[in-house]
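target_27.pdb follows (PDB, C-alpha atoms):
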ATOM      1  CA  MET A   1     -10.679   9.252 -28.770
ATOM      2  CA  LYS A   2     -13.056   7.108 -26.723
ATOM      3  CA  SER A   3     -16.491   8.427 -25.796
ATOM      4  CA  PHE A   4     -17.133   9.069 -22.117
ATOM      5  CA  ASP A   5     -19.507   6.085 -21.964
ATOM      6  CA  GLN A   6     -16.812   3.831 -23.447
ATOM      7  CA  GLN A   7     -14.372   5.063 -20.821
ATOM      8  CA  LEU A   8     -16.882   4.356 -18.069
ATOM      9  CA  ILE A   9     -17.326   0.789 -19.318
ATOM     10  CA  GLN A  10     -13.536   0.347 -19.201
ATOM     11  CA  LEU A  11     -13.446   1.773 -15.699
ATOM     12  CA  SER A  12     -16.238  -0.559 -14.593
ATOM     13  CA  LYS A  13     -14.315  -3.564 -15.913
ATOM     14  CA  LEU A  14     -11.164  -2.412 -14.096
ATOM     15  CA  ILE A  15     -12.946  -1.933 -10.760
ATOM     16  CA  GLU A  16     -15.151  -5.053 -11.055
ATOM     17  CA  LYS A  17     -17.218  -5.297  -7.862
ATOM     18  CA  ASN A  18     -14.853  -3.386  -5.585
ATOM     19  CA  LYS A  19     -16.136  -0.444  -3.600
ATOM     20  CA  THR A  20     -13.776   2.483  -4.080
ATOM     21  CA  ALA A  21     -12.374   5.670  -2.630
ATOM     22  CA  PHE A  22     -10.924   7.965  -5.269
ATOM     23  CA  CYS A  23      -9.184  11.213  -6.131
ATOM     24  CA  ILE A  24      -8.940  12.869  -9.516
ATOM     25  CA  GLY A  25      -6.551  15.264 -11.233
ATOM     26  CA  THR A  26      -3.629  15.786 -13.597
ATOM     27  CA  PHE A  27      -1.067  15.343 -10.808
ATOM     28  CA  ASP A  28       1.710  17.025 -12.780
ATOM     29  CA  GLY A  29       5.073  16.269 -11.168
ATOM     30  CA  VAL A  30       3.488  14.048  -8.470
ATOM     31  CA  HIS A  31       4.888  16.405  -5.821
ATOM     32  CA  LEU A  32       4.735  16.256  -2.027
ATOM     33  CA  GLY A  33       1.233  17.756  -1.993
ATOM     34  CA  HIS A  34      -0.020  14.974  -4.259
ATOM     35  CA  LYS A  35       1.681  12.421  -2.020
ATOM     36  CA  MET A  36      -0.283  13.797   0.942
ATOM     37  CA  LEU A  37      -3.458  13.321  -1.090
ATOM     38  CA  PHE A  38      -2.561   9.726  -2.008
ATOM     39  CA  GLU A  39      -1.568   8.913   1.584
ATOM     40  CA  GLN A  40      -4.996  10.078   2.793
ATOM     41  CA  LEU A  41      -6.657   8.114  -0.015
ATOM     42  CA  VAL A  42      -4.856   4.890   0.926
ATOM     43  CA  ASN A  43      -5.557   5.374   4.645
ATOM     44  CA  ASN A  44      -9.254   6.024   4.016
ATOM     45  CA  SER A  45      -9.443   2.985   1.767
ATOM     46  CA  LYS A  46      -7.844   0.668   4.311
ATOM     47  CA  ASN A  47      -9.896   2.008   7.217
ATOM     48  CA  ASN A  48     -13.181   1.630   5.318
ATOM     49  CA  LYS A  49     -12.309  -1.606   3.473
ATOM     50  CA  LEU A  50     -12.385   0.136   0.086
ATOM     51  CA  SER A  51     -10.089  -0.041  -2.938
ATOM     52  CA  SER A  52      -8.093   3.098  -3.757
ATOM     53  CA  LEU A  53      -8.650   4.575  -7.212
ATOM     54  CA  VAL A  54      -6.774   7.444  -8.851
ATOM     55  CA  ILE A  55      -8.304   8.938 -11.992
ATOM     56  CA  VAL A  56      -5.653  10.858 -13.917
ATOM     57  CA  PHE A  57      -5.906  13.147 -16.933
ATOM     58  CA  GLU A  58      -3.016  13.076 -19.391
ATOM     59  CA  LYS A  59      -3.721  16.676 -20.435
ATOM     60  CA  ARG A  60      -4.942  19.421 -18.148
ATOM     61  CA  PRO A  61      -8.709  19.896 -18.619
ATOM     62  CA  ARG A  62      -8.032  23.630 -18.776
ATOM     63  CA  GLU A  63      -6.082  23.083 -22.018
ATOM     64  CA  ILE A  64      -9.197  21.538 -23.579
ATOM     65  CA  VAL A  65     -11.583  24.148 -22.215
ATOM     66  CA  SER A  66      -9.322  27.149 -22.953
ATOM     67  CA  LYS A  67      -7.715  26.387 -26.315
ATOM     68  CA  GLY A  68      -5.066  29.106 -25.956
ATOM     69  CA  TYR A  69      -3.891  27.915 -22.522
ATOM     70  CA  SER A  70      -0.531  26.198 -22.397
ATOM     71  CA  ARG A  71       2.057  25.500 -19.699
ATOM     72  CA  PRO A  72       4.950  23.007 -19.720
ATOM     73  CA  TYR A  73       4.608  19.785 -17.753
ATOM     74  CA  LEU A  74       6.965  18.833 -14.924
ATOM     75  CA  SER A  75       7.032  15.239 -16.141
ATOM     76  CA  ASP A  76       5.819  13.176 -19.052
ATOM     77  CA  PHE A  77       2.701  11.056 -18.633
ATOM     78  CA  TYR A  78       4.557   7.724 -18.392
ATOM     79  CA  LYS A  79       6.667   8.977 -15.487
ATOM     80  CA  ARG A  80       3.630  10.573 -13.837
ATOM     81  CA  LYS A  81       1.712   7.271 -13.832
ATOM     82  CA  ASN A  82       4.673   5.350 -12.427
ATOM     83  CA  LYS A  83       5.130   7.877  -9.629
ATOM     84  CA  ILE A  84       1.436   7.672  -8.744
ATOM     85  CA  LEU A  85       1.669   3.865  -8.525
ATOM     86  CA  GLU A  86       4.564   4.168  -6.050
ATOM     87  CA  ASN A  87       1.947   5.184  -3.464
ATOM     88  CA  GLU A  88       0.293   1.745  -3.028
ATOM     89  CA  ILE A  89      -2.680   2.680  -5.199
ATOM     90  CA  ASN A  90      -4.971  -0.242  -6.092
ATOM     91  CA  PHE A  91      -6.332   1.138  -9.368
ATOM     92  CA  LEU A  92      -5.035   3.827 -11.724
ATOM     93  CA  PHE A  93      -7.333   4.882 -14.550
ATOM     94  CA  THR A  94      -6.485   7.282 -17.370
ATOM     95  CA  MET A  95      -9.487   9.402 -18.277
ATOM     96  CA  GLU A  96      -9.596  11.395 -21.508
ATOM     97  CA  PHE A  97     -11.100  14.822 -20.961
ATOM     98  CA  ASN A  98     -13.329  15.401 -23.993
ATOM     99  CA  ASP A  99     -16.304  17.528 -25.052
ATOM    100  CA  GLU A 100     -18.752  15.061 -23.498
ATOM    101  CA  LEU A 101     -17.046  15.326 -20.155
ATOM    102  CA  ARG A 102     -16.601  19.098 -20.198
ATOM    103  CA  VAL A 103     -20.370  19.750 -20.247
ATOM    104  CA  LEU A 104     -21.148  17.543 -17.238
ATOM    105  CA  SER A 105     -21.981  19.171 -13.925
ATOM    106  CA  ALA A 106     -20.255  17.899 -10.799
ATOM    107  CA  GLU A 107     -23.471  16.092  -9.823
ATOM    108  CA  ALA A 108     -23.851  14.364 -13.210
ATOM    109  CA  PHE A 109     -20.182  13.366 -13.236
ATOM    110  CA  LEU A 110     -20.207  11.937  -9.711
ATOM    111  CA  LYS A 111     -23.436  10.026 -10.384
ATOM    112  CA  LYS A 112     -21.746   8.389 -13.384
ATOM    113  CA  LEU A 113     -18.817   7.360 -11.189
ATOM    114  CA  ILE A 114     -21.108   6.008  -8.491
ATOM    115  CA  SER A 115     -22.830   3.751 -11.042
ATOM    116  CA  HIS A 116     -19.669   2.597 -12.871
ATOM    117  CA  ALA A 117     -16.917   2.686 -10.234
ATOM    118  CA  ASN A 118     -18.958   2.042  -7.086
ATOM    119  CA  ILE A 119     -17.383   5.072  -5.385
ATOM    120  CA  LYS A 120     -18.072   5.574  -1.688
ATOM    121  CA  SER A 121     -15.444   8.175  -0.820
ATOM    122  CA  ILE A 122     -13.582  11.070  -2.444
ATOM    123  CA  ILE A 123     -10.377  12.798  -1.334
ATOM    124  CA  VAL A 124      -9.938  16.403  -2.476
ATOM    125  CA  SER A 125      -7.550  19.301  -1.899
ATOM    126  CA  GLU A 126      -8.041  23.057  -1.976
ATOM    127  CA  ASN A 127      -7.130  22.912  -5.688
ATOM    128  CA  THR A 128      -9.757  20.314  -6.649
ATOM    129  CA  ARG A 129     -12.573  21.541  -8.877
ATOM    130  CA  ILE A 130     -15.187  19.126 -10.245
ATOM    131  CA  GLY A 131     -17.664  19.512 -13.102
ATOM    132  CA  ASN A 132     -18.347  22.321 -15.538
ATOM    133  CA  ASP A 133     -19.819  24.182 -12.563
ATOM    134  CA  GLN A 134     -16.362  23.903 -10.907
ATOM    135  CA  LEU A 135     -17.695  22.828  -7.536
ATOM    136  CA  PHE A 136     -15.293  22.925  -4.584
ATOM    137  CA  GLY A 137     -15.263  23.535  -0.845
ATOM    138  CA  LYS A 138     -18.596  23.629   0.990
ATOM    139  CA  ASN A 139     -20.687  23.290  -2.203
ATOM    140  CA  LEU A 140     -18.842  20.123  -3.200
ATOM    141  CA  GLU A 141     -19.112  18.764   0.345
ATOM    142  CA  ASP A 142     -22.893  19.315   0.378
ATOM    143  CA  LEU A 143     -23.276  17.579  -2.997
ATOM    144  CA  CYS A 144     -21.245  14.560  -1.864
ATOM    145  CA  ILE A 145     -23.273  14.240   1.318
ATOM    146  CA  ASN A 146     -26.495  14.308  -0.739
ATOM    147  CA  LEU A 147     -25.106  11.593  -3.027
ATOM    148  CA  GLY A 148     -23.981   9.418  -0.112
ATOM    149  CA  ILE A 149     -20.270   9.926  -0.755
ATOM    150  CA  GLU A 150     -17.901  10.505   2.139
ATOM    151  CA  ILE A 151     -15.608  13.459   1.381
ATOM    152  CA  SER A 152     -12.211  14.249   2.924
ATOM    153  CA  ASN A 153     -10.594  17.624   2.278
ATOM    154  CA  ILE A 154      -6.848  17.932   2.864
ATOM    155  CA  GLU A 155      -4.509  20.909   2.694
ATOM    156  CA  MET A 156      -1.506  20.342   0.444
ATOM    157  CA  LYS A 157       0.823  22.483   2.559
ATOM    158  CA  ASN A 158       4.351  22.148   3.891
ATOM    159  CA  ASN A 159       5.547  22.835   7.445
ATOM    160  CA  LEU A 160       5.524  26.580   6.738
ATOM    161  CA  LYS A 161       1.848  26.338   5.693
ATOM    162  CA  LYS A 162       2.764  27.149   2.092
ATOM    163  CA  VAL A 163       0.434  25.532  -0.457
ATOM    164  CA  ILE A 164       2.313  23.098  -2.689
ATOM    165  CA  SER A 165       1.323  23.353  -6.345
ATOM    166  CA  SER A 166       2.705  22.303  -9.727
ATOM    167  CA  SER A 167       2.570  25.896 -10.994
ATOM    168  CA  MET A 168       4.649  27.106  -8.039
ATOM    169  CA  ILE A 169       7.257  24.390  -8.639
ATOM    170  CA  SER A 170       7.280  25.197 -12.358
ATOM    171  CA  LYS A 171       8.106  28.822 -11.496
ATOM    172  CA  PHE A 172      10.967  27.732  -9.235
ATOM    173  CA  ILE A 173      12.410  25.596 -12.066
ATOM    174  CA  GLU A 174      12.113  28.415 -14.570
ATOM    175  CA  GLU A 175      13.946  30.729 -12.156
ATOM    176  CA  GLY A 176      16.648  28.149 -11.440
ATOM    177  CA  ASP A 177      15.674  27.792  -7.772
ATOM    178  CA  PHE A 178      16.243  24.068  -7.358
ATOM    179  CA  ILE A 179      16.604  24.245  -3.601
ATOM    180  CA  ASN A 180      12.890  25.034  -3.397
ATOM    181  CA  ALA A 181      11.807  23.118  -6.519
ATOM    182  CA  ASN A 182      13.348  19.865  -5.286
ATOM    183  CA  LYS A 183      12.149  20.470  -1.717
ATOM    184  CA  PHE A 184       8.514  20.783  -2.801
ATOM    185  CA  LEU A 185       8.750  17.966  -5.342
ATOM    186  CA  GLY A 186      10.220  15.626  -2.746
ATOM    187  CA  TYR A 187      12.868  14.465  -5.226
ATOM    188  CA  ASP A 188      15.430  15.976  -7.617
ATOM    189  CA  TYR A 189      13.801  17.455 -10.701
ATOM    190  CA  THR A 190      14.488  15.168 -13.659
ATOM    191  CA  PHE A 191      13.929  15.376 -17.391
ATOM    192  CA  GLU A 192      14.824  13.060 -20.266
ATOM    193  CA  GLY A 193      16.240  13.854 -23.667
ATOM    194  CA  MET A 194      17.744  12.240 -26.727
ATOM    195  CA  VAL A 195      21.443  12.853 -27.409
ATOM    196  CA  VAL A 196      21.759  14.349 -30.882
ATOM    197  CA  LYS A 197      24.709  15.503 -32.989
ATOM    198  CA  GLY A 198      25.694  19.101 -32.479
ATOM    199  CA  ASP A 199      28.448  21.152 -34.102
ATOM    200  CA  GLN A 200      31.052  19.403 -31.875
ATOM    201  CA  ILE A 201      32.795  22.672 -30.994
ATOM    202  CA  GLY A 202      32.894  21.723 -27.302
ATOM    203  CA  ARG A 203      35.392  18.925 -27.875
ATOM    204  CA  THR A 204      37.763  21.330 -29.648
ATOM    205  CA  ILE A 205      38.099  23.369 -26.440
ATOM    206  CA  GLY A 206      38.416  20.351 -24.143
ATOM    207  CA  PHE A 207      34.830  20.124 -22.915
ATOM    208  CA  PRO A 208      32.836  17.790 -25.176
ATOM    209  CA  THR A 209      29.127  18.144 -24.458
ATOM    210  CA  ALA A 210      26.137  15.969 -25.224
ATOM    211  CA  ASN A 211      23.453  17.970 -27.025
ATOM    212  CA  ILE A 212      20.015  17.078 -25.666
ATOM    213  CA  GLU A 213      16.719  17.182 -27.522
ATOM    214  CA  VAL A 214      13.795  17.417 -25.097
ATOM    215  CA  GLN A 215      10.050  17.144 -25.765
ATOM    216  CA  ASN A 216       8.551  20.601 -26.259
ATOM    217  CA  GLU A 217       5.896  20.203 -23.566
ATOM    218  CA  ILE A 218       8.404  19.373 -20.791
ATOM    219  CA  GLN A 219       9.531  22.083 -18.365
ATOM    220  CA  ILE A 220      13.171  23.109 -18.845
ATOM    221  CA  PRO A 221      15.163  25.299 -16.419
ATOM    222  CA  GLY A 222      15.942  28.902 -17.347
ATOM    223  CA  ASP A 223      19.251  29.824 -18.972
ATOM    224  CA  GLY A 224      22.333  29.128 -16.878
ATOM    225  CA  ILE A 225      24.829  26.547 -15.658
ATOM    226  CA  TYR A 226      23.654  23.774 -13.333
ATOM    227  CA  ALA A 227      25.110  20.937 -11.278
ATOM    228  CA  CYS A 228      23.347  17.748 -12.295
ATOM    229  CA  MET A 229      23.478  13.971 -12.252
ATOM    230  CA  VAL A 230      23.257  12.135 -15.576
ATOM    231  CA  ASN A 231      21.716   8.677 -15.791
ATOM    232  CA  ILE A 232      22.876   6.707 -18.832
ATOM    233  CA  LYS A 233      21.283   3.257 -19.037
ATOM    234  CA  GLY A 234      21.181   2.964 -15.237
ATOM    235  CA  GLU A 235      24.727   4.265 -14.653
ATOM    236  CA  LYS A 236      25.052   7.678 -12.997
ATOM    237  CA  PHE A 237      27.645  10.370 -13.661
ATOM    238  CA  ARG A 238      28.211  13.921 -12.499
ATOM    239  CA  GLY A 239      27.464  16.604 -15.037
ATOM    240  CA  ALA A 240      27.608  20.304 -15.867
ATOM    241  CA  LEU A 241      24.358  21.292 -17.556
ATOM    242  CA  SER A 242      24.337  24.371 -19.791
ATOM    243  CA  ILE A 243      21.123  25.945 -21.059
ATOM    244  CA  GLY A 244      21.036  28.982 -23.340
ATOM    245  CA  ASN A 245      22.693  30.251 -26.504
ATOM    246  CA  ARG A 246      26.457  30.373 -27.038
ATOM    247  CA  PRO A 247      27.520  33.851 -28.176
ATOM    248  CA  VAL A 248      31.231  33.249 -27.459
ATOM    249  CA  ILE A 249      31.551  29.945 -29.322
ATOM    250  CA  LYS A 250      29.199  30.604 -32.185
ATOM    251  CA  ASN A 251      26.920  33.416 -33.281
ATOM    252  CA  ASP A 252      23.835  31.304 -32.910
ATOM    253  CA  PRO A 253      20.747  32.670 -31.095
ATOM    254  CA  ALA A 254      19.163  29.190 -30.772
ATOM    255  CA  ARG A 255      18.652  27.929 -27.225
ATOM    256  CA  LYS A 256      20.704  24.796 -26.571
ATOM    257  CA  ILE A 257      20.548  22.176 -23.855
ATOM    258  CA  GLU A 258      23.991  20.628 -23.394
ATOM    259  CA  VAL A 259      25.635  18.582 -20.676
ATOM    260  CA  PHE A 260      29.337  18.016 -20.074
ATOM    261  CA  ILE A 261      29.524  14.598 -18.410
ATOM    262  CA  LEU A 262      32.461  14.370 -16.024
ATOM    263  CA  ASP A 263      34.861  11.430 -16.396
ATOM    264  CA  PHE A 264      33.007  10.065 -19.419
ATOM    265  CA  ASP A 265      34.118   9.611 -23.027
ATOM    266  CA  LYS A 266      31.738   7.113 -24.675
ATOM    267  CA  ASN A 267      29.614   7.636 -27.792
ATOM    268  CA  ILE A 268      26.001   8.092 -26.687
ATOM    269  CA  TYR A 269      24.398   9.514 -29.829
ATOM    270  CA  ASP A 270      20.748   8.497 -30.275
ATOM    271  CA  ILE A 271      20.505   7.346 -26.662
ATOM    272  CA  GLU A 272      17.958   8.811 -24.269
ATOM    273  CA  ILE A 273      19.574  10.032 -21.065
ATOM    274  CA  GLU A 274      18.060  11.301 -17.828
ATOM    275  CA  ILE A 275      19.228  14.507 -16.163
ATOM    276  CA  SER A 276      18.521  15.284 -12.502
ATOM    277  CA  VAL A 277      19.099  18.955 -11.741
ATOM    278  CA  ILE A 278      20.596  19.630  -8.306
ATOM    279  CA  LYS A 279      21.578  23.301  -8.146
ATOM    280  CA  LYS A 280      22.073  26.378 -10.300
ATOM    281  CA  ILE A 281      25.736  27.433 -10.347
ATOM    282  CA  ARG A 282      25.494  30.726 -12.206
ATOM    283  CA  ASN A 283      23.701  32.663 -14.916
ATOM    284  CA  GLN A 284      24.735  32.501 -18.537
ATOM    285  CA  GLU A 285      27.487  35.055 -19.144
ATOM    286  CA  PHE A 286      29.290  36.618 -22.108
ATOM    287  CA  TYR A 287      33.093  36.330 -22.304
ATOM    288  CA  ASP A 288      35.507  38.295 -24.461
ATOM    289  CA  SER A 289      37.418  35.176 -25.518
ATOM    290  CA  ILE A 290      37.284  31.399 -25.504
ATOM    291  CA  ASP A 291      40.302  31.266 -23.135
ATOM    292  CA  ILE A 292      38.459  33.331 -20.525
ATOM    293  CA  MET A 293      35.426  31.099 -20.964
ATOM    294  CA  LYS A 294      37.536  27.928 -20.532
ATOM    295  CA  THR A 295      38.931  29.310 -17.272
ATOM    296  CA  GLN A 296      35.384  29.912 -16.038
ATOM    297  CA  ILE A 297      34.273  26.406 -17.068
ATOM    298  CA  LYS A 298      37.117  24.912 -15.016
ATOM    299  CA  LYS A 299      35.928  26.936 -12.010
ATOM    300  CA  ASP A 300      32.357  25.762 -12.660
ATOM    301  CA  ILE A 301      33.438  22.123 -12.636
ATOM    302  CA  ILE A 302      35.242  22.563  -9.307
ATOM    303  CA  ASN A 303      32.105  24.184  -7.912
ATOM    304  CA  ILE A 304      29.848  21.450  -9.343
ATOM    305  CA  ASN A 305      32.004  18.690  -7.835
ATOM    306  CA  GLU A 306      31.784  20.398  -4.430
ATOM    307  CA  VAL A 307      27.987  20.682  -4.738
ATOM    308  CA  LEU A 308      27.536  17.052  -5.796
ATOM    309  CA  GLU A 309      29.981  15.838  -3.151
ATOM    310  CA  ARG A 310      27.640  17.295  -0.516
TER     311      ARG A 310
END

Whole structure given in structure tokens:
Amino acid sequence: MKSFDQQLIQLSKLIEKNKTAFCIGTFDGVHLGHKMLFEQLVNNSKNNKLSSLVIVFEKRPREIVSKGYSRPYLSDFYKRKNKILENEINFLFTMEFNDELRVLSAEAFLKKLISHANIKSIIVSENTRIGNDQLFGKNLEDLCINLGIEISNIEMKNNLKKVISSSMISKFIEEGDFINANKFLGYDYTFEGMVVKGDQIGRTIGFPTANIEVQNEIQIPGDGIYACMVNIKGEKFRGALSIGNRPVIKNDPARKIEVFILDFDKNIYDIEIEISVIKKIRNQEFYDSIDIMKTQIKKDIININEVLER
């Protein structure tokens, strides 16, 4: 891990002599609220002849400060950075939140950025907290004015004045509410996973599934059946995503992530695929026999095709 001073030297080299406007955060999911923030950042930069800078943390600072705190991420760090760069940002800098950084007050932190990144402007939202004193709102505004930094405060809200947050979207995903999750994300929720060998029971009943292994820290929907799109090496297929255990097929309490890919019969073991979740079809249910379950799966596929057709 680099020291904070080493990171500042790197940042200084990246910025060179440019004057900057910046925002800072984890930006998990890069949702519509974040896009509002970046849009304001870019507009401020252009209007004031500054370069736009986004400082992003790979891990939530709260996870470093509160060792027991943990919550899944909406997207991995690679995808997060790419989505941030889609917003015409001039500079993206990854900052490691470490013990040196955690003890700095908002004033000490901003002074460091002024000297190393030539910052002239900061864009914040109602969720932004800076420094170990967690400055925000009027207190943060007063500090910025004293330091000669212009500050813009935006509300990350939708048309219904509902605050858009990663934690809210995470809750929607967990509950299987992809109408709201995808609406607030601004795109269909997507996760990646490696196709691994399962027990291959699905193919014996006419519905071969790809078993997916997903990184532990990535948010996965709650148990149920979902309509999804499956991206395999750039080619997209319709899919029926199943999450949960399988009490009818096998007495196995382990939670599985499986997808039945419609009109597809190729070997994709050890290939990473991308799944975009569109809508929850139903909850996981118990059936008295495999034949009853097969009948339900056929109904699910009809339903999924209708959903994806729309």

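Going from CA of Lys266 in chain A over to CA of Ala210 in chain A, you cover 10.5 Å.
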
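The residues caught by the PyMOL selection byres ((chain A and resi 22) around 6) in this file are Ala21, Cys23, Ser52, Leu53, Val54 and Ile122 of chain A.
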
Quick one: residues within 6 Å of range 280-294 of chain A, only C-alpha atoms counted, chain neighbours fewer than 4 positions away excluded, as a PyMOL selection string?
chain A and resi 176+224-226

Please, which residues are within 12 Å of (-13.4, 6.2, -3.2) by the file's coordinates, counting all atoms listed in the file, and could they come as a PDB file with C-alpha atoms, keeping the file's coordinate frame?
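The result, stored in out-v9.pdb:
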ATOM      1  CA  ILE A  15     -12.946  -1.933 -10.760  1.00  0.00           C
ATOM      2  CA  ASN A  18     -14.853  -3.386  -5.585  1.00  0.00           C
ATOM      3  CA  LYS A  19     -16.136  -0.444  -3.600  1.00  0.00           C
ATOM      4  CA  THR A  20     -13.776   2.483  -4.080  1.00  0.00           C
ATOM      5  CA  ALA A  21     -12.374   5.670  -2.630  1.00  0.00           C
ATOM      6  CA  PHE A  22     -10.924   7.965  -5.269  1.00  0.00           C
ATOM      7  CA  CYS A  23      -9.184  11.213  -6.131  1.00  0.00           C
ATOM      8  CA  ILE A  24      -8.940  12.869  -9.516  1.00  0.00           C
ATOM      9  CA  PHE A  38      -2.561   9.726  -2.008  1.00  0.00           C
ATOM     10  CA  GLN A  40      -4.996  10.078   2.793  1.00  0.00           C
ATOM     11  CA  LEU A  41      -6.657   8.114  -0.015  1.00  0.00           C
ATOM     12  CA  VAL A  42      -4.856   4.890   0.926  1.00  0.00           C
ATOM     13  CA  ASN A  43      -5.557   5.374   4.645  1.00  0.00           C
ATOM     14  CA  ASN A  44      -9.254   6.024   4.016  1.00  0.00           C
ATOM     15  CA  SER A  45      -9.443   2.985   1.767  1.00  0.00           C
ATOM     16  CA  LYS A  46      -7.844   0.668   4.311  1.00  0.00           C
ATOM     17  CA  ASN A  47      -9.896   2.008   7.217  1.00  0.00           C
ATOM     18  CA  ASN A  48     -13.181   1.630   5.318  1.00  0.00           C
ATOM     19  CA  LYS A  49     -12.309  -1.606   3.473  1.00  0.00           C
ATOM     20  CA  LEU A  50     -12.385   0.136   0.086  1.00  0.00           C
ATOM     21  CA  SER A  51     -10.089  -0.041  -2.938  1.00  0.00           C
ATOM     22  CA  SER A  52      -8.093   3.098  -3.757  1.00  0.00           C
ATOM     23  CA  LEU A  53      -8.650   4.575  -7.212  1.00  0.00           C
ATOM     24  CA  VAL A  54      -6.774   7.444  -8.851  1.00  0.00           C
ATOM     25  CA  ILE A  55      -8.304   8.938 -11.992  1.00  0.00           C
ATOM     26  CA  ILE A  89      -2.680   2.680  -5.199  1.00  0.00           C
ATOM     27  CA  ASN A  90      -4.971  -0.242  -6.092  1.00  0.00           C
ATOM     28  CA  PHE A  91      -6.332   1.138  -9.368  1.00  0.00           C
ATOM     29  CA  LEU A 110     -20.207  11.937  -9.711  1.00  0.00           C
ATOM     30  CA  LEU A 113     -18.817   7.360 -11.189  1.00  0.00           C
ATOM     31  CA  ILE A 114     -21.108   6.008  -8.491  1.00  0.00           C
ATOM     32  CA  ALA A 117     -16.917   2.686 -10.234  1.00  0.00           C
ATOM     33  CA  ASN A 118     -18.958   2.042  -7.086  1.00  0.00           C
ATOM     34  CA  ILE A 119     -17.383   5.072  -5.385  1.00  0.00           C
ATOM     35  CA  LYS A 120     -18.072   5.574  -1.688  1.00  0.00           C
ATOM     36  CA  SER A 121     -15.444   8.175  -0.820  1.00  0.00           C
ATOM     37  CA  ILE A 122     -13.582  11.070  -2.444  1.00  0.00           C
ATOM     38  CA  ILE A 123     -10.377  12.798  -1.334  1.00  0.00           C
ATOM     39  CA  VAL A 124      -9.938  16.403  -2.476  1.00  0.00           C
ATOM     40  CA  CYS A 144     -21.245  14.560  -1.864  1.00  0.00           C
ATOM     41  CA  GLY A 148     -23.981   9.418  -0.112  1.00  0.00           C
ATOM     42  CA  ILE A 149     -20.270   9.926  -0.755  1.00  0.00           C
ATOM     43  CA  GLU A 150     -17.901  10.505   2.139  1.00  0.00           C
ATOM     44  CA  ILE A 151     -15.608  13.459   1.381  1.00  0.00           C
ATOM     45  CA  SER A 152     -12.211  14.249   2.924  1.00  0.00           C
TER      46      SER A 152
END

Give me the residues near Ile257 in chain A as a ChimeraX atom specification, where near means some atom within 8 Å (using all atoms listed in the file) and where sequence neighbours in that chain fewer than 5 positions away do not count.
/A:211-213,241-244

Computed interatomic separation between CA of Gln215 in chain A and CA of Pro72 in chain A (Å):
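For CA of Gln215 in chain A relative to CA of Pro72 in chain A, the distance reads 9.8 Å.
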
Looking at A:Phe93, A:Phe4, A:Tyr189, A:Phe260, which one is nearest to Ile173 in chain A, with distances taken over only C-alpha atoms?
A:Tyr189

Ground truth for the PyMOL selection byres ((chain A and resi 194-198) around 7), written as a short mmCIF file (atom, residue, chain, number, x, y, z; two decimals) with C-alpha atoms, in the frame of the given file:
data_model
loop_
_atom_site.label_atom_id
_atom_site.label_comp_id
_atom_site.auth_asym_id
_atom_site.auth_seq_id
_atom_site.Cartn_x
_atom_site.Cartn_y
_atom_site.Cartn_z
CA GLY A 193 16.24 13.85 -23.67
CA ASP A 199 28.45 21.15 -34.10
CA GLN A 200 31.05 19.40 -31.88
CA ALA A 210 26.14 15.97 -25.22
CA ASN A 211 23.45 17.97 -27.02
CA ILE A 212 20.02 17.08 -25.67
CA GLU A 213 16.72 17.18 -27.52
CA VAL A 214 13.80 17.42 -25.10
CA ILE A 268 26.00 8.09 -26.69
CA TYR A 269 24.40 9.51 -29.83
CA ASP A 270 20.75 8.50 -30.28
CA ILE A 271 20.50 7.35 -26.66
CA GLU A 272 17.96 8.81 -24.27
CA ILE A 273 19.57 10.03 -21.06
#

What separation in Å, quoted to one decimal, exists between CA of Thr209 in chain A and CA of Lys256 in chain A?
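A separation of 10.9 Å between them.
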
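Checking A:Gly33, A:Gly131, A:Gly186, A:Pro221 one by one against Pro61 in chain A, counting all atoms listed in the file, you find the shortest gap at A:Gly131.
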
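Minimum atom-to-atom distances from A:Leu104, A:Ile169, A:Leu147, A:Val230 to Asn182 in chain A were compared using only C-alpha atoms, and the lowest value belongs to A:Ile169.
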
Ref. answer, residues at most 12 Å from (-0.2, 13.6, -3.7) with only C-alpha atoms, as a VMD selection string:
chain A and resid 23 to 42 54 56 80 83 to 89 123 to 125 127 154 to 157 164 to 166 184 to 186

Specify as a ChimeraX atom specification each residue included when the PyMOL selection byres ((chain A and resi 101) around 10) is applied to this file.
/A:3-5,61,95-100,102-105,108-109,131-132

Select, from A:Gly234, A:Ile278, A:Glu58, A:Phe207, the residue with the minimum atom-to-atom distance to Phe264 in chain A, counting only C-alpha atoms.
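Nearest to Phe264 in chain A: A:Phe207.
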
Pick out the closest residue to Phe172 in chain A from this set: A:Ile301, A:Lys279, A:Lys81, A:Phe136. Count only C-alpha atoms.
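For Phe172 in chain A, the nearest of the candidates is A:Lys279.
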
From A:Lys236, A:Leu14, A:Ile220, A:Phe191, residue lying nearest Leu92 in chain A [all atoms listed in the file]:
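Distance minimum relative to Leu92 in chain A lands on A:Leu14.
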